[in-house]
file structure_34.pdb (PDB, C-alpha atoms)
ATOM      1  CA  MET A   1     -53.983  43.141  61.014
ATOM      2  CA  CYS A   2     -52.670  40.125  59.105
ATOM      3  CA  ILE A   3     -49.493  40.678  57.144
ATOM      4  CA  ARG A   4     -48.898  38.210  54.388
ATOM      5  CA  ASP A   5     -45.624  37.235  52.539
ATOM      6  CA  ARG A   6     -43.413  38.065  55.500
ATOM      7  CA  LEU A   7     -40.533  35.813  56.458
ATOM      8  CA  VAL A   8     -40.777  35.325  60.230
ATOM      9  CA  PRO A   9     -38.540  33.440  62.608
ATOM     10  CA  GLY A  10     -38.894  29.683  62.341
ATOM     11  CA  GLU A  11     -39.763  29.762  58.701
ATOM     12  CA  THR A  12     -37.496  28.542  55.885
ATOM     13  CA  TRP A  13     -38.563  29.579  52.478
ATOM     14  CA  VAL A  14     -37.345  27.299  49.679
ATOM     15  CA  TYR A  15     -36.658  28.574  46.182
ATOM     16  CA  ALA A  16     -35.459  26.702  43.104
ATOM     17  CA  ALA A  17     -33.814  27.804  39.877
ATOM     18  CA  SER A  18     -32.689  25.678  36.939
ATOM     19  CA  TYR A  19     -29.825  26.155  34.528
ATOM     20  CA  VAL A  20     -28.597  24.202  31.534
ATOM     21  CA  VAL A  21     -24.850  23.664  31.763
ATOM     22  CA  GLN A  22     -23.199  25.002  28.640
ATOM     23  CA  ALA A  23     -20.212  23.587  26.777
ATOM     24  CA  SER A  24     -18.507  26.945  27.222
ATOM     25  CA  ASP A  25     -18.953  27.011  31.013
ATOM     26  CA  PRO A  26     -15.776  26.931  33.113
ATOM     27  CA  ASP A  27     -14.904  23.985  35.300
ATOM     28  CA  PRO A  28     -15.619  24.189  38.150
ATOM     29  CA  LEU A  29     -18.729  26.276  37.587
ATOM     30  CA  LEU A  30     -18.949  28.766  40.505
ATOM     31  CA  ASN A  31     -22.078  30.764  41.290
ATOM     32  CA  THR A  32     -23.719  32.682  44.127
ATOM     33  CA  ALA A  33     -27.264  33.926  44.778
ATOM     34  CA  SER A  34     -28.524  37.081  46.429
ATOM     35  CA  ALA A  35     -31.816  37.840  48.233
ATOM     36  CA  THR A  36     -33.481  41.223  48.666
ATOM     37  CA  GLY A  37     -36.566  42.225  50.608
ATOM     38  CA  GLU A  38     -38.117  44.968  52.824
ATOM     39  CA  ASP A  39     -38.499  45.095  56.583
ATOM     40  CA  LEU A  40     -41.538  46.494  58.365
ATOM     41  CA  ASP A  41     -40.149  49.993  58.004
ATOM     42  CA  GLY A  42     -39.901  49.561  54.232
ATOM     43  CA  ASP A  43     -36.136  49.476  54.324
ATOM     44  CA  THR A  44     -34.304  47.200  51.896
ATOM     45  CA  VAL A  45     -32.763  44.067  53.326
ATOM     46  CA  THR A  46     -30.214  42.066  51.288
ATOM     47  CA  ALA A  47     -28.132  38.927  51.716
ATOM     48  CA  ASP A  48     -25.807  36.804  49.621
ATOM     49  CA  SER A  49     -25.567  33.040  49.588
ATOM     50  CA  ASN A  50     -22.417  31.038  49.905
ATOM     51  CA  THR A  51     -20.633  30.226  46.618
ATOM     52  CA  HIS A  52     -21.608  26.943  45.071
ATOM     53  CA  SER A  53     -19.045  24.932  43.103
ATOM     54  CA  LEU A  54     -20.143  22.482  40.454
ATOM     55  CA  ASP A  55     -17.768  20.062  38.770
ATOM     56  CA  VAL A  56     -18.578  20.170  35.072
ATOM     57  CA  ALA A  57     -18.226  16.723  33.540
ATOM     58  CA  TYR A  58     -17.384  17.170  29.855
ATOM     59  CA  ASP A  59     -18.258  14.419  27.441
ATOM     60  CA  PRO A  60     -17.146  15.366  23.944
ATOM     61  CA  VAL A  61     -17.389  12.587  21.373
ATOM     62  CA  LEU A  62     -15.323  12.823  18.202
ATOM     63  CA  ASN A  63     -16.229  11.562  14.742
ATOM     64  CA  LEU A  64     -13.329  10.720  12.394
ATOM     65  CA  VAL A  65     -14.123   9.773   8.794
ATOM     66  CA  LYS A  66     -11.368   8.553   6.478
ATOM     67  CA  GLY A  67     -11.323   8.503   2.682
ATOM     68  CA  GLY A  68      -8.906   7.618  -0.100
ATOM     69  CA  PRO A  69      -8.566   6.119  -3.585
ATOM     70  CA  ALA A  70     -10.121   2.756  -4.396
ATOM     71  CA  THR A  71      -7.101   1.396  -6.266
ATOM     72  CA  ALA A  72      -3.424   2.170  -6.847
ATOM     73  CA  GLY A  73      -0.338   0.482  -8.254
ATOM     74  CA  ILE A  74       3.020  -0.306  -6.716
ATOM     75  CA  GLY A  75       5.066   2.896  -6.421
ATOM     76  CA  ASP A  76       2.021   5.180  -6.633
ATOM     77  CA  THR A  77       1.638   7.934  -4.039
ATOM     78  CA  VAL A  78      -1.862   7.913  -2.566
ATOM     79  CA  GLU A  79      -3.414  10.649  -0.452
ATOM     80  CA  TYR A  80      -5.757   9.858   2.398
ATOM     81  CA  THR A  81      -8.175  12.476   3.774
ATOM     82  CA  PHE A  82      -9.615  12.690   7.282
ATOM     83  CA  ASN A  83     -12.653  14.717   8.348
ATOM     84  CA  LEU A  84     -12.852  15.380  12.088
ATOM     85  CA  SER A  85     -15.926  16.770  13.819
ATOM     86  CA  HIS A  86     -18.122  16.364  16.888
ATOM     87  CA  ALA A  87     -20.324  13.279  16.785
ATOM     88  CA  ALA A  88     -24.089  13.554  17.179
ATOM     89  CA  SER A  89     -23.772  12.123  20.689
ATOM     90  CA  SER A  90     -21.170  14.697  21.759
ATOM     91  CA  ASP A  91     -21.949  17.274  24.428
ATOM     92  CA  GLY A  92     -20.274  19.813  22.156
ATOM     93  CA  SER A  93     -17.568  20.857  24.605
ATOM     94  CA  PRO A  94     -14.408  22.099  22.861
ATOM     95  CA  VAL A  95     -11.500  19.755  22.224
ATOM     96  CA  GLY A  96      -7.913  20.878  21.669
ATOM     97  CA  SER A  97      -4.416  19.445  21.103
ATOM     98  CA  LEU A  98      -5.771  17.191  18.367
ATOM     99  CA  VAL A  99      -3.434  14.752  16.602
ATOM    100  CA  ILE A 100      -4.419  12.279  13.857
ATOM    101  CA  THR A 101      -2.221   9.279  13.071
ATOM    102  CA  ASP A 102      -2.805   6.756  10.297
ATOM    103  CA  ASP A 103      -1.507   3.225  10.884
ATOM    104  CA  ILE A 104      -0.055   3.126   7.361
ATOM    105  CA  ALA A 105       0.659   6.723   6.354
ATOM    106  CA  GLY A 106       1.693   8.050   9.782
ATOM    107  CA  ALA A 107       0.947  11.545  11.087
ATOM    108  CA  ALA A 108      -1.668  13.560   9.202
ATOM    109  CA  THR A 109      -1.475  17.297   8.486
ATOM    110  CA  ARG A 110      -4.411  19.633   9.120
ATOM    111  CA  ILE A 111      -5.229  21.687   6.029
ATOM    112  CA  GLY A 112      -8.400  23.495   7.119
ATOM    113  CA  GLY A 113     -11.498  23.765   9.279
ATOM    114  CA  ASP A 114     -10.282  25.567  12.412
ATOM    115  CA  ASP A 115     -11.569  29.089  13.059
ATOM    116  CA  GLY A 116      -8.223  29.994  14.578
ATOM    117  CA  ASP A 117      -8.728  29.231  18.266
ATOM    118  CA  GLY A 118      -7.243  25.745  18.135
ATOM    119  CA  LEU A 119     -10.423  24.214  19.552
ATOM    120  CA  LEU A 120     -12.764  21.866  17.747
ATOM    121  CA  VAL A 121     -16.274  23.105  18.447
ATOM    122  CA  PRO A 122     -19.677  21.985  17.117
ATOM    123  CA  GLY A 123     -20.257  23.040  13.543
ATOM    124  CA  GLU A 124     -16.587  22.787  12.616
ATOM    125  CA  THR A 125     -15.086  20.018  10.466
ATOM    126  CA  TRP A 126     -11.332  19.863  10.512
ATOM    127  CA  VAL A 127      -9.742  18.371   7.397
ATOM    128  CA  TYR A 128      -6.439  16.474   7.466
ATOM    129  CA  THR A 129      -4.389  14.678   4.806
ATOM    130  CA  ALA A 130      -1.609  12.092   4.780
ATOM    131  CA  SER A 131       0.223  10.513   1.831
ATOM    132  CA  TYR A 132       1.704   7.053   1.356
ATOM    133  CA  VAL A 133       3.720   5.289  -1.358
ATOM    134  CA  ILE A 134       2.359   1.810  -2.174
ATOM    135  CA  GLN A 135       5.021  -0.849  -1.526
ATOM    136  CA  ALA A 136       5.515  -4.170  -3.330
ATOM    137  CA  SER A 137       5.274  -5.894   0.060
ATOM    138  CA  ASP A 138       1.902  -4.354   0.949
ATOM    139  CA  PRO A 139      -1.028  -6.763   1.336
ATOM    140  CA  ASP A 140      -3.908  -6.724  -1.106
ATOM    141  CA  PRO A 141      -6.331  -5.275  -0.282
ATOM    142  CA  LEU A 142      -4.453  -2.668   1.751
ATOM    143  CA  LEU A 143      -6.552  -2.001   4.867
ATOM    144  CA  ASN A 144      -5.823   0.868   7.223
ATOM    145  CA  THR A 145      -7.453   2.996   9.891
ATOM    146  CA  ALA A 146      -6.600   6.230  11.650
ATOM    147  CA  SER A 147      -6.901   7.378  15.250
ATOM    148  CA  VAL A 148      -7.287  10.817  16.802
ATOM    149  CA  THR A 149      -6.357  11.994  20.276
ATOM    150  CA  GLY A 150      -7.073  15.302  21.960
ATOM    151  CA  GLN A 151      -7.831  16.976  25.277
ATOM    152  CA  GLU A 152     -11.112  18.259  26.651
ATOM    153  CA  LEU A 153     -11.340  21.421  28.770
ATOM    154  CA  THR A 154     -10.326  19.595  31.945
ATOM    155  CA  GLY A 155      -7.195  18.245  30.256
ATOM    156  CA  GLU A 156      -8.521  14.710  30.118
ATOM    157  CA  SER A 157      -7.807  12.659  27.000
ATOM    158  CA  VAL A 158     -10.343  12.198  24.217
ATOM    159  CA  SER A 159      -9.847   9.671  21.413
ATOM    160  CA  ALA A 160     -11.601   8.063  18.466
ATOM    161  CA  SER A 161     -10.869   5.785  15.512
ATOM    162  CA  SER A 162     -11.818   6.162  11.875
ATOM    163  CA  ASN A 163     -13.595   3.763   9.602
ATOM    164  CA  THR A 164     -11.352   1.199   7.873
ATOM    165  CA  HIS A 165     -10.312   2.140   4.348
ATOM    166  CA  SER A 166      -9.730  -0.602   1.757
ATOM    167  CA  LEU A 167      -7.491  -0.049  -1.271
ATOM    168  CA  ASP A 168      -7.158  -2.556  -4.103
ATOM    169  CA  VAL A 169      -3.451  -2.877  -4.942
ATOM    170  CA  ALA A 170      -3.009  -3.274  -8.714
ATOM    171  CA  PHE A 171       0.046  -5.416  -9.457
ATOM    172  CA  ASN A 172       2.036  -4.932 -12.666
ATOM    173  CA  PRO A 173       4.996  -7.325 -12.870
ATOM    174  CA  VAL A 174       6.741  -7.348 -16.253
ATOM    175  CA  LEU A 175       9.084 -10.177 -17.256
ATOM    176  CA  ARG A 176      11.891 -10.468 -19.785
ATOM    177  CA  VAL A 177      13.650 -13.452 -21.331
ATOM    178  CA  ASP A 178      17.231 -13.463 -22.606
ATOM    179  CA  GLY A 179      18.817 -16.286 -24.607
ATOM    180  CA  ALA A 180      22.367 -16.852 -25.791
ATOM    181  CA  TRP A 181      22.444 -18.642 -29.140
ATOM    182  CA  PRO A 182      25.525 -19.465 -31.227
ATOM    183  CA  VAL A 183      25.886 -18.034 -34.700
ATOM    184  CA  LYS A 184      26.011 -21.543 -36.181
ATOM    185  CA  VAL A 185      24.607 -24.941 -35.321
ATOM    186  CA  TYR A 186      25.819 -28.153 -36.923
ATOM    187  CA  VAL A 187      23.839 -30.969 -38.477
ATOM    188  CA  GLY A 188      24.034 -34.143 -36.419
ATOM    189  CA  GLU A 189      24.956 -32.423 -33.152
ATOM    190  CA  THR A 190      22.774 -31.946 -30.058
ATOM    191  CA  GLN A 191      22.742 -28.284 -29.175
ATOM    192  CA  VAL A 192      21.945 -27.080 -25.626
ATOM    193  CA  PHE A 193      20.203 -23.715 -25.409
ATOM    194  CA  THR A 194      19.782 -21.702 -22.193
ATOM    195  CA  TYR A 195      17.439 -18.828 -21.391
ATOM    196  CA  VAL A 196      17.330 -16.427 -18.433
ATOM    197  CA  VAL A 197      13.988 -15.114 -17.135
ATOM    198  CA  SER A 198      13.903 -12.083 -14.818
ATOM    199  CA  HIS A 199      11.942  -8.933 -14.002
ATOM    200  CA  ALA A 200      12.115  -6.236 -16.667
ATOM    201  CA  ALA A 201      13.271  -2.710 -15.887
ATOM    202  CA  ASN A 202       9.672  -1.422 -15.968
ATOM    203  CA  SER A 203       8.344  -4.159 -13.650
ATOM    204  CA  ASP A 204       6.818  -3.218 -10.318
ATOM    205  CA  GLY A 205       8.912  -6.001  -8.770
ATOM    206  CA  THR A 206       6.050  -7.991  -7.294
ATOM    207  CA  PRO A 207       6.466 -11.799  -7.244
ATOM    208  CA  VAL A 208       5.197 -13.896 -10.146
ATOM    209  CA  HIS A 209       3.545 -17.294  -9.586
ATOM    210  CA  ASP A 210       3.077 -20.287 -11.859
ATOM    211  CA  ILE A 211       5.775 -19.416 -14.381
ATOM    212  CA  ALA A 212       5.903 -21.563 -17.516
ATOM    213  CA  ALA A 213       8.573 -21.331 -20.217
ATOM    214  CA  THR A 214       7.719 -22.890 -23.575
ATOM    215  CA  GLY A 215       9.551 -23.134 -26.899
ATOM    216  CA  ALA A 216       7.705 -23.237 -30.189
ATOM    217  CA  LEU A 217      10.000 -26.084 -31.353
ATOM    218  CA  VAL A 218      10.854 -27.953 -28.170
ATOM    219  CA  GLY A 219       7.808 -27.372 -25.977
ATOM    220  CA  PRO A 220       8.166 -26.894 -22.179
ATOM    221  CA  LEU A 221      11.599 -25.839 -20.920
ATOM    222  CA  THR A 222      13.250 -27.152 -17.772
ATOM    223  CA  LEU A 223      14.123 -24.825 -14.878
ATOM    224  CA  VAL A 224      17.704 -25.570 -13.836
ATOM    225  CA  SER A 225      18.534 -22.806 -11.334
ATOM    226  CA  GLY A 226      17.578 -19.428  -9.886
ATOM    227  CA  ASP A 227      14.564 -20.133  -7.672
ATOM    228  CA  ASP A 228      15.198 -19.756  -3.932
ATOM    229  CA  GLY A 229      12.696 -22.514  -3.250
ATOM    230  CA  ASP A 230       9.440 -20.604  -2.837
ATOM    231  CA  GLY A 231       8.270 -20.957  -6.435
ATOM    232  CA  LEU A 232       8.059 -17.171  -6.851
ATOM    233  CA  LEU A 233      10.106 -15.170  -9.332
ATOM    234  CA  GLU A 234      11.050 -12.177  -7.209
ATOM    235  CA  LEU A 235      12.876  -8.976  -7.999
ATOM    236  CA  GLY A 236      16.608  -9.697  -8.171
ATOM    237  CA  GLU A 237      16.191 -13.365  -9.102
ATOM    238  CA  SER A 238      17.183 -14.784 -12.491
ATOM    239  CA  TRP A 239      15.692 -18.139 -13.395
ATOM    240  CA  VAL A 240      17.712 -20.196 -15.875
ATOM    241  CA  TYR A 241      15.930 -22.596 -18.229
ATOM    242  CA  ALA A 242      17.586 -25.086 -20.577
ATOM    243  CA  THR A 243      16.621 -27.335 -23.454
ATOM    244  CA  SER A 244      18.489 -29.537 -25.899
ATOM    245  CA  TYR A 245      17.805 -29.991 -29.585
ATOM    246  CA  LEU A 246      19.190 -32.451 -32.123
ATOM    247  CA  VAL A 247      20.062 -30.585 -35.298
ATOM    248  CA  ASP A 248      19.098 -32.754 -38.257
ATOM    249  CA  GLY A 249      19.109 -32.214 -41.944
ATOM    250  CA  LEU A 250      15.380 -31.649 -42.127
ATOM    251  CA  ILE A 251      15.027 -28.516 -40.065
ATOM    252  CA  PRO A 252      14.617 -25.135 -41.729
ATOM    253  CA  ASN A 253      17.634 -22.921 -42.245
ATOM    254  CA  PRO A 254      18.150 -20.754 -40.332
ATOM    255  CA  LEU A 255      17.014 -22.605 -37.227
ATOM    256  CA  ALA A 256      14.628 -20.305 -35.340
ATOM    257  CA  GLU A 257      13.025 -20.691 -31.919
ATOM    258  CA  THR A 258      10.527 -18.502 -30.059
ATOM    259  CA  ILE A 259      10.437 -18.762 -26.280
ATOM    260  CA  THR A 260       7.271 -17.624 -24.472
ATOM    261  CA  ILE A 261       7.077 -16.946 -20.710
ATOM    262  CA  THR A 262       3.740 -16.853 -18.873
ATOM    263  CA  GLY A 263       2.826 -16.403 -15.199
ATOM    264  CA  ARG A 264       0.403 -14.969 -12.660
ATOM    265  CA  ASP A 265       0.664 -11.965 -10.364
ATOM    266  CA  ARG A 266      -0.078 -11.788  -6.622
ATOM    267  CA  ASP A 267      -3.805 -11.683  -7.387
ATOM    268  CA  PHE A 268      -3.267 -14.878  -9.399
ATOM    269  CA  GLU A 269      -4.305 -13.012 -12.522
ATOM    270  CA  ALA A 270      -2.479 -13.813 -15.762
ATOM    271  CA  ILE A 271       0.227 -11.302 -16.647
ATOM    272  CA  PRO A 272       1.032 -10.320 -20.253
ATOM    273  CA  PRO A 273       3.358 -13.005 -21.680
ATOM    274  CA  CYS A 274       6.845 -12.095 -22.793
ATOM    275  CA  SER A 275       8.756 -13.763 -25.604
ATOM    276  CA  GLY A 276      12.070 -13.830 -27.408
ATOM    277  CA  THR A 277      13.026 -15.179 -30.828
ATOM    278  CA  TYR A 278      16.481 -16.557 -31.582
ATOM    279  CA  SER A 279      18.080 -18.040 -34.716
ATOM    280  CA  ALA A 280      21.288 -19.659 -35.990
ATOM    281  CA  GLN A 281      22.652 -20.811 -39.332
ATOM    282  CA  VAL A 282      22.466 -24.547 -39.986
ATOM    283  CA  VAL A 283      25.836 -25.835 -41.178
ATOM    284  CA  ALA A 284      26.801 -29.293 -42.434
ATOM    285  CA  ARG A 285      30.368 -30.459 -41.923
ATOM    286  CA  ILE A 286      31.927 -32.389 -44.839
ATOM    287  CA  PHE A 287      35.043 -34.383 -44.017
ATOM    288  CA  ILE A 288      37.476 -34.584 -46.979
ATOM    289  CA  PRO A 289      40.410 -36.978 -46.669
ATOM    290  CA  LEU A 290      43.563 -35.552 -48.208
ATOM    291  CA  ILE A 291      46.659 -37.687 -48.899
ATOM    292  CA  LEU A 292      49.951 -35.888 -49.231
ATOM    293  CA  ARG A 293      52.871 -37.795 -50.646
ATOM    294  CA  SER A 294      56.493 -36.881 -50.312
ATOM    295  CA  TYR A 295      59.148 -37.284 -52.989
ATOM    296  CA  LEU A 296      60.649 -40.169 -51.059
ATOM    297  CA  PRO A 297      59.483 -43.602 -52.137
ATOM    298  CA  ASP A 298      57.018 -45.461 -49.942
ATOM    299  CA  GLN A 299      56.366 -42.438 -47.716
ATOM    300  CA  HIS A 300      53.116 -40.551 -47.555
ATOM    301  CA  LEU A 301      51.159 -38.443 -45.066
ATOM    302  CA  ASP A 302      47.390 -38.711 -44.670
ATOM    303  CA  GLU A 303      45.476 -35.567 -43.583
ATOM    304  CA  VAL A 304      41.775 -35.084 -43.098
ATOM    305  CA  ARG A 305      40.399 -31.621 -43.666
ATOM    306  CA  VAL A 306      36.906 -30.438 -42.690
ATOM    307  CA  LEU A 307      34.895 -28.306 -45.008
ATOM    308  CA  GLU A 308      31.922 -26.468 -43.571
ATOM    309  CA  VAL A 309      29.061 -26.048 -45.986
ATOM    310  CA  GLN A 310      25.960 -24.065 -45.107
ATOM    311  CA  ARG A 311      22.983 -26.229 -45.876
ATOM    312  CA  PRO A 312      20.792 -24.786 -48.646
ATOM    313  CA  LEU A 313      17.548 -23.130 -47.608
TER     314      LEU A 313
END
call {"tool": "encode", "arguments": {"input": "structure_34.pdb", "output": "structure tokens"}}
result
Amino acid sequence: MCIRDRLVPGETWVYAASYVVQASDPDPLLNTASATGEDLDGDTVTADSNTHSLDVAYDPVLNLVKGGPATAGIGDTVEYTFNLSHAASSDGSPVGSLVITDDIAGAATRIGGDDGDGLLVPGETWVYTASYVIQASDPDPLLNTASVTGQELTGESVSASSNTHSLDVAFNPVLRVDGAWPVKVYVGETQVFTYVVSHAANSDGTPVHDIAATGALVGPLTLVSGDDGDGLLELGESWVYATSYLVDGLIPNPLAETITITGRDRDFEAIPPCSGTYSAQVVARIFIPLILRSYLPDQHLDEVRVLEVQRPL
């Protein structure tokens, strides 16, 4: 009699089984196998294999996408958002201890997306935010990126960087001009007028290039002091301009002058001009000789008195 499918001495039967390693599998992945059969008496025979240990190599890949406003002004508070998820190339294994840091705004705060287990798993998108106040010293455009770090199931570090966000910084410097004029100016005299140009209270404080000061009567004014040498009117600086004017009998009365200040911001765009108008009365001095005589013979005293007469309009 021929008995088939019996394991006899000298034989080694080889079996194979396949398994897809799951992201949720422990590391190491331990498993054993068991074999059952019947002897010639029909009794059950069993055996267990040794335990096999498999080192699970996790390969999660993170995807960090950053967003924010396209433009903002100096002093504005902008909010950046960060969406964190598994990338398409990720093996989907969970990642924990996640921290996002922006190179401008600093640490970001998670506001949603986690199901409560503290692990980023496929299908989840964790949302973070970070805020930043635009500074006058910030470059334009303001470029920044964020980075994320975390730990996979084995405790090894996982990291990724975001796309670079570009923000157009809108500059808004505002200038003011102040002049000190006398109440009166006198015909025949050369009068020196000075004007001070500085940032106004509502200016964003950003430097101003290519400043020009012009008078309606005298034309371009001369800068005499205030610039630190870089050609930029900065916050805290006061530029002093001066001009001289010969007061003659032909000018209108009162004498009026309008000073206009122009310049360009950090984008080299023209800023709104500022101006100031000043005036003074035009006065002619008339010298009247007055001779006073005493009661003593051959004695007299000469005195010259000045009479100020406002020139007719």
call {"tool": "resolve_selection", "arguments": {"input": "structure_34.pdb", "expression": "the PyMOL selection byres ((chain A and resi 268) around 12)", "output": "PyMOL selection string"}}
result
chain A and resi 140+170-173+206-211+232+262-267+269-271
call {"tool": "write_last_selection", "arguments": {"input": "structure_34.pdb", "atoms": "C-alpha atoms", "output": "mmCIF file, in the frame of the given file"}}
result
data_model
loop_
_atom_site.group_PDB
_atom_site.id
_atom_site.type_symbol
_atom_site.label_atom_id
_atom_site.label_comp_id
_atom_site.auth_asym_id
_atom_site.auth_seq_id
_atom_site.Cartn_x
_atom_site.Cartn_y
_atom_site.Cartn_z
ATOM 1 C CA ASP A 140 -3.908 -6.724 -1.106
ATOM 2 C CA ALA A 170 -3.009 -3.274 -8.714
ATOM 3 C CA PHE A 171 0.046 -5.416 -9.457
ATOM 4 C CA ASN A 172 2.036 -4.932 -12.666
ATOM 5 C CA PRO A 173 4.996 -7.325 -12.870
ATOM 6 C CA THR A 206 6.050 -7.991 -7.294
ATOM 7 C CA PRO A 207 6.466 -11.799 -7.244
ATOM 8 C CA VAL A 208 5.197 -13.896 -10.146
ATOM 9 C CA HIS A 209 3.545 -17.294 -9.586
ATOM 10 C CA ASP A 210 3.077 -20.287 -11.859
ATOM 11 C CA ILE A 211 5.775 -19.416 -14.381
ATOM 12 C CA LEU A 232 8.059 -17.171 -6.851
ATOM 13 C CA THR A 262 3.740 -16.853 -18.873
ATOM 14 C CA GLY A 263 2.826 -16.403 -15.199
ATOM 15 C CA ARG A 264 0.403 -14.969 -12.660
ATOM 16 C CA ASP A 265 0.664 -11.965 -10.364
ATOM 17 C CA ARG A 266 -0.078 -11.788 -6.622
ATOM 18 C CA ASP A 267 -3.805 -11.683 -7.387
ATOM 19 C CA GLU A 269 -4.305 -13.012 -12.522
ATOM 20 C CA ALA A 270 -2.479 -13.813 -15.762
ATOM 21 C CA ILE A 271 0.227 -11.302 -16.647
#
call {"tool": "residues_around", "arguments": {"input": "structure_34.pdb", "residues": "Leu98 in chain A", "least_positions_apart": "4", "cutoff": "8 Å", "atoms": "only C-alpha atoms", "output": "PDB file with C-alpha atoms, keeping the file's coordinate frame"}}
result
ATOM      1  CA  VAL A 148      -7.287  10.817  16.802  1.00  0.00           C
ATOM      2  CA  THR A 149      -6.357  11.994  20.276  1.00  0.00           C
ATOM      3  CA  GLY A 150      -7.073  15.302  21.960  1.00  0.00           C
ATOM      4  CA  GLN A 151      -7.831  16.976  25.277  1.00  0.00           C
TER       5      GLN A 151
END
call {"tool": "resolve_selection", "arguments": {"input": "structure_34.pdb", "expression": "the PyMOL selection byres ((chain A and resi 49-52) around 10)", "output": "VMD selection string"}}
result
chain A and resid 28 to 35 47 to 48 53 to 54
call {"tool": "resolve_selection", "arguments": {"input": "structure_34.pdb", "expression": "the PyMOL selection byres ((chain A and resi 85) around 7)", "output": "PyMOL selection string"}}
result
chain A and resi 62-64+83-84+86-87+124-126
call {"tool": "atom_distance", "arguments": {"input": "structure_34.pdb", "atom1": "CA of Thr260 in chain A", "atom2": "CA of Gly236 in chain A"}}
result
20.4 Å
call {"tool": "axis_aligned_box", "arguments": {"input": "structure_34.pdb", "around": "range 253-264 of chain A", "padding_each_side": "6 Å", "output": "lines of an AutoDock Vina configuration file"}}
result
center_x = 9.3
center_y = -18.9
center_z = -27.5
size_x = 29.7
size_y = 20.0
size_z = 41.6
call {"tool": "closest_residue", "arguments": {"input": "structure_34.pdb", "among": "A:Ser162, A:Thr154, A:Thr190, A:Ser203", "to": "Gly73 in chain A", "atoms": "only C-alpha atoms"}}
result
A:Ser203
call {"tool": "residues_around", "arguments": {"input": "structure_34.pdb", "residues": "Phe82 in chain A", "least_positions_apart": "6", "cutoff": "12 Å", "atoms": "all atoms listed in the file", "output": "ChimeraX atom specification"}}
result
/A:63-68,99-102,105,107-113,125-131,145-148,161-165
call {"tool": "write_last_selection", "arguments": {"input": "structure_34.pdb", "atoms": "C-alpha atoms", "output": "CSV table (one decimal), keeping the file's coordinate frame"}}
result
chain,number,residue,atom,x,y,z
A,63,ASN,CA,-16.2,11.6,14.7
A,64,LEU,CA,-13.3,10.7,12.4
A,65,VAL,CA,-14.1,9.8,8.8
A,66,LYS,CA,-11.4,8.6,6.5
A,67,GLY,CA,-11.3,8.5,2.7
A,68,GLY,CA,-8.9,7.6,-0.1
A,99,VAL,CA,-3.4,14.8,16.6
A,100,ILE,CA,-4.4,12.3,13.9
A,101,THR,CA,-2.2,9.3,13.1
A,102,ASP,CA,-2.8,6.8,10.3
A,105,ALA,CA,0.7,6.7,6.4
A,107,ALA,CA,0.9,11.5,11.1
A,108,ALA,CA,-1.7,13.6,9.2
A,109,THR,CA,-1.5,17.3,8.5
A,110,ARG,CA,-4.4,19.6,9.1
A,111,ILE,CA,-5.2,21.7,6.0
A,112,GLY,CA,-8.4,23.5,7.1
A,113,GLY,CA,-11.5,23.8,9.3
A,125,THR,CA,-15.1,20.0,10.5
A,126,TRP,CA,-11.3,19.9,10.5
A,127,VAL,CA,-9.7,18.4,7.4
A,128,TYR,CA,-6.4,16.5,7.5
A,129,THR,CA,-4.4,14.7,4.8
A,130,ALA,CA,-1.6,12.1,4.8
A,131,SER,CA,0.2,10.5,1.8
A,145,THR,CA,-7.5,3.0,9.9
A,146,ALA,CA,-6.6,6.2,11.6
A,147,SER,CA,-6.9,7.4,15.2
A,148,VAL,CA,-7.3,10.8,16.8
A,161,SER,CA,-10.9,5.8,15.5
A,162,SER,CA,-11.8,6.2,11.9
A,163,ASN,CA,-13.6,3.8,9.6
A,164,THR,CA,-11.4,1.2,7.9
A,165,HIS,CA,-10.3,2.1,4.3
call {"tool": "residues_around", "arguments": {"input": "structure_34.pdb", "residues": "Leu217 in chain A", "least_positions_apart": "5", "cutoff": "9 Å", "atoms": "all atoms listed in the file", "output": "MDAnalysis selection string"}}
result
chainID A and resid 245 256:259
call {"tool": "closest_residue", "arguments": {"input": "structure_34.pdb", "among": "A:Leu233, A:Leu255, A:Ala17, A:Ile74", "to": "Val185 in chain A", "atoms": "all atoms listed in the file"}}
result
A:Leu255
call {"tool": "closest_residue", "arguments": {"input": "structure_34.pdb", "among": "A:Val192, A:Val218, A:Ala201, A:Ala180", "to": "Gly276 in chain A", "atoms": "all atoms listed in the file"}}
result
A:Ala180
call {"tool": "residues_near_point", "arguments": {"input": "structure_34.pdb", "point": "(1.5, 10.7, -1.5)", "cutoff": "9 Å", "atoms": "only C-alpha atoms", "output": "compact mmCIF listing (two decimals) with C-alpha atoms, in the frame of the given file"}}
result
# COMPACT_ATOMS: atom_id res chain seq x y z
CA ASP A 76 2.02 5.18 -6.63
CA THR A 77 1.64 7.93 -4.04
CA VAL A 78 -1.86 7.91 -2.57
CA GLU A 79 -3.41 10.65 -0.45
CA TYR A 80 -5.76 9.86 2.40
CA ALA A 105 0.66 6.72 6.35
CA ALA A 130 -1.61 12.09 4.78
CA SER A 131 0.22 10.51 1.83
CA TYR A 132 1.70 7.05 1.36
CA VAL A 133 3.72 5.29 -1.36
CA ILE A 134 2.36 1.81 -2.17
call {"tool": "residues_around", "arguments": {"input": "structure_34.pdb", "residues": "Ile251 in chain A", "least_positions_apart": "4", "cutoff": "10 Å", "atoms": "all atoms listed in the file", "output": "MDAnalysis selection string"}}
result
chainID A and resid 187 246:247 255:256 282 313
call {"tool": "atom_distance", "arguments": {"input": "structure_34.pdb", "atom1": "CA of Asp204 in chain A", "atom2": "CA of Val174 in chain A"}}
result
7.2 Å
call {"tool": "atom_distance", "arguments": {"input": "structure_34.pdb", "atom1": "CA of Thr222 in chain A", "atom2": "CA of Glu234 in chain A"}}
result
18.5 Å
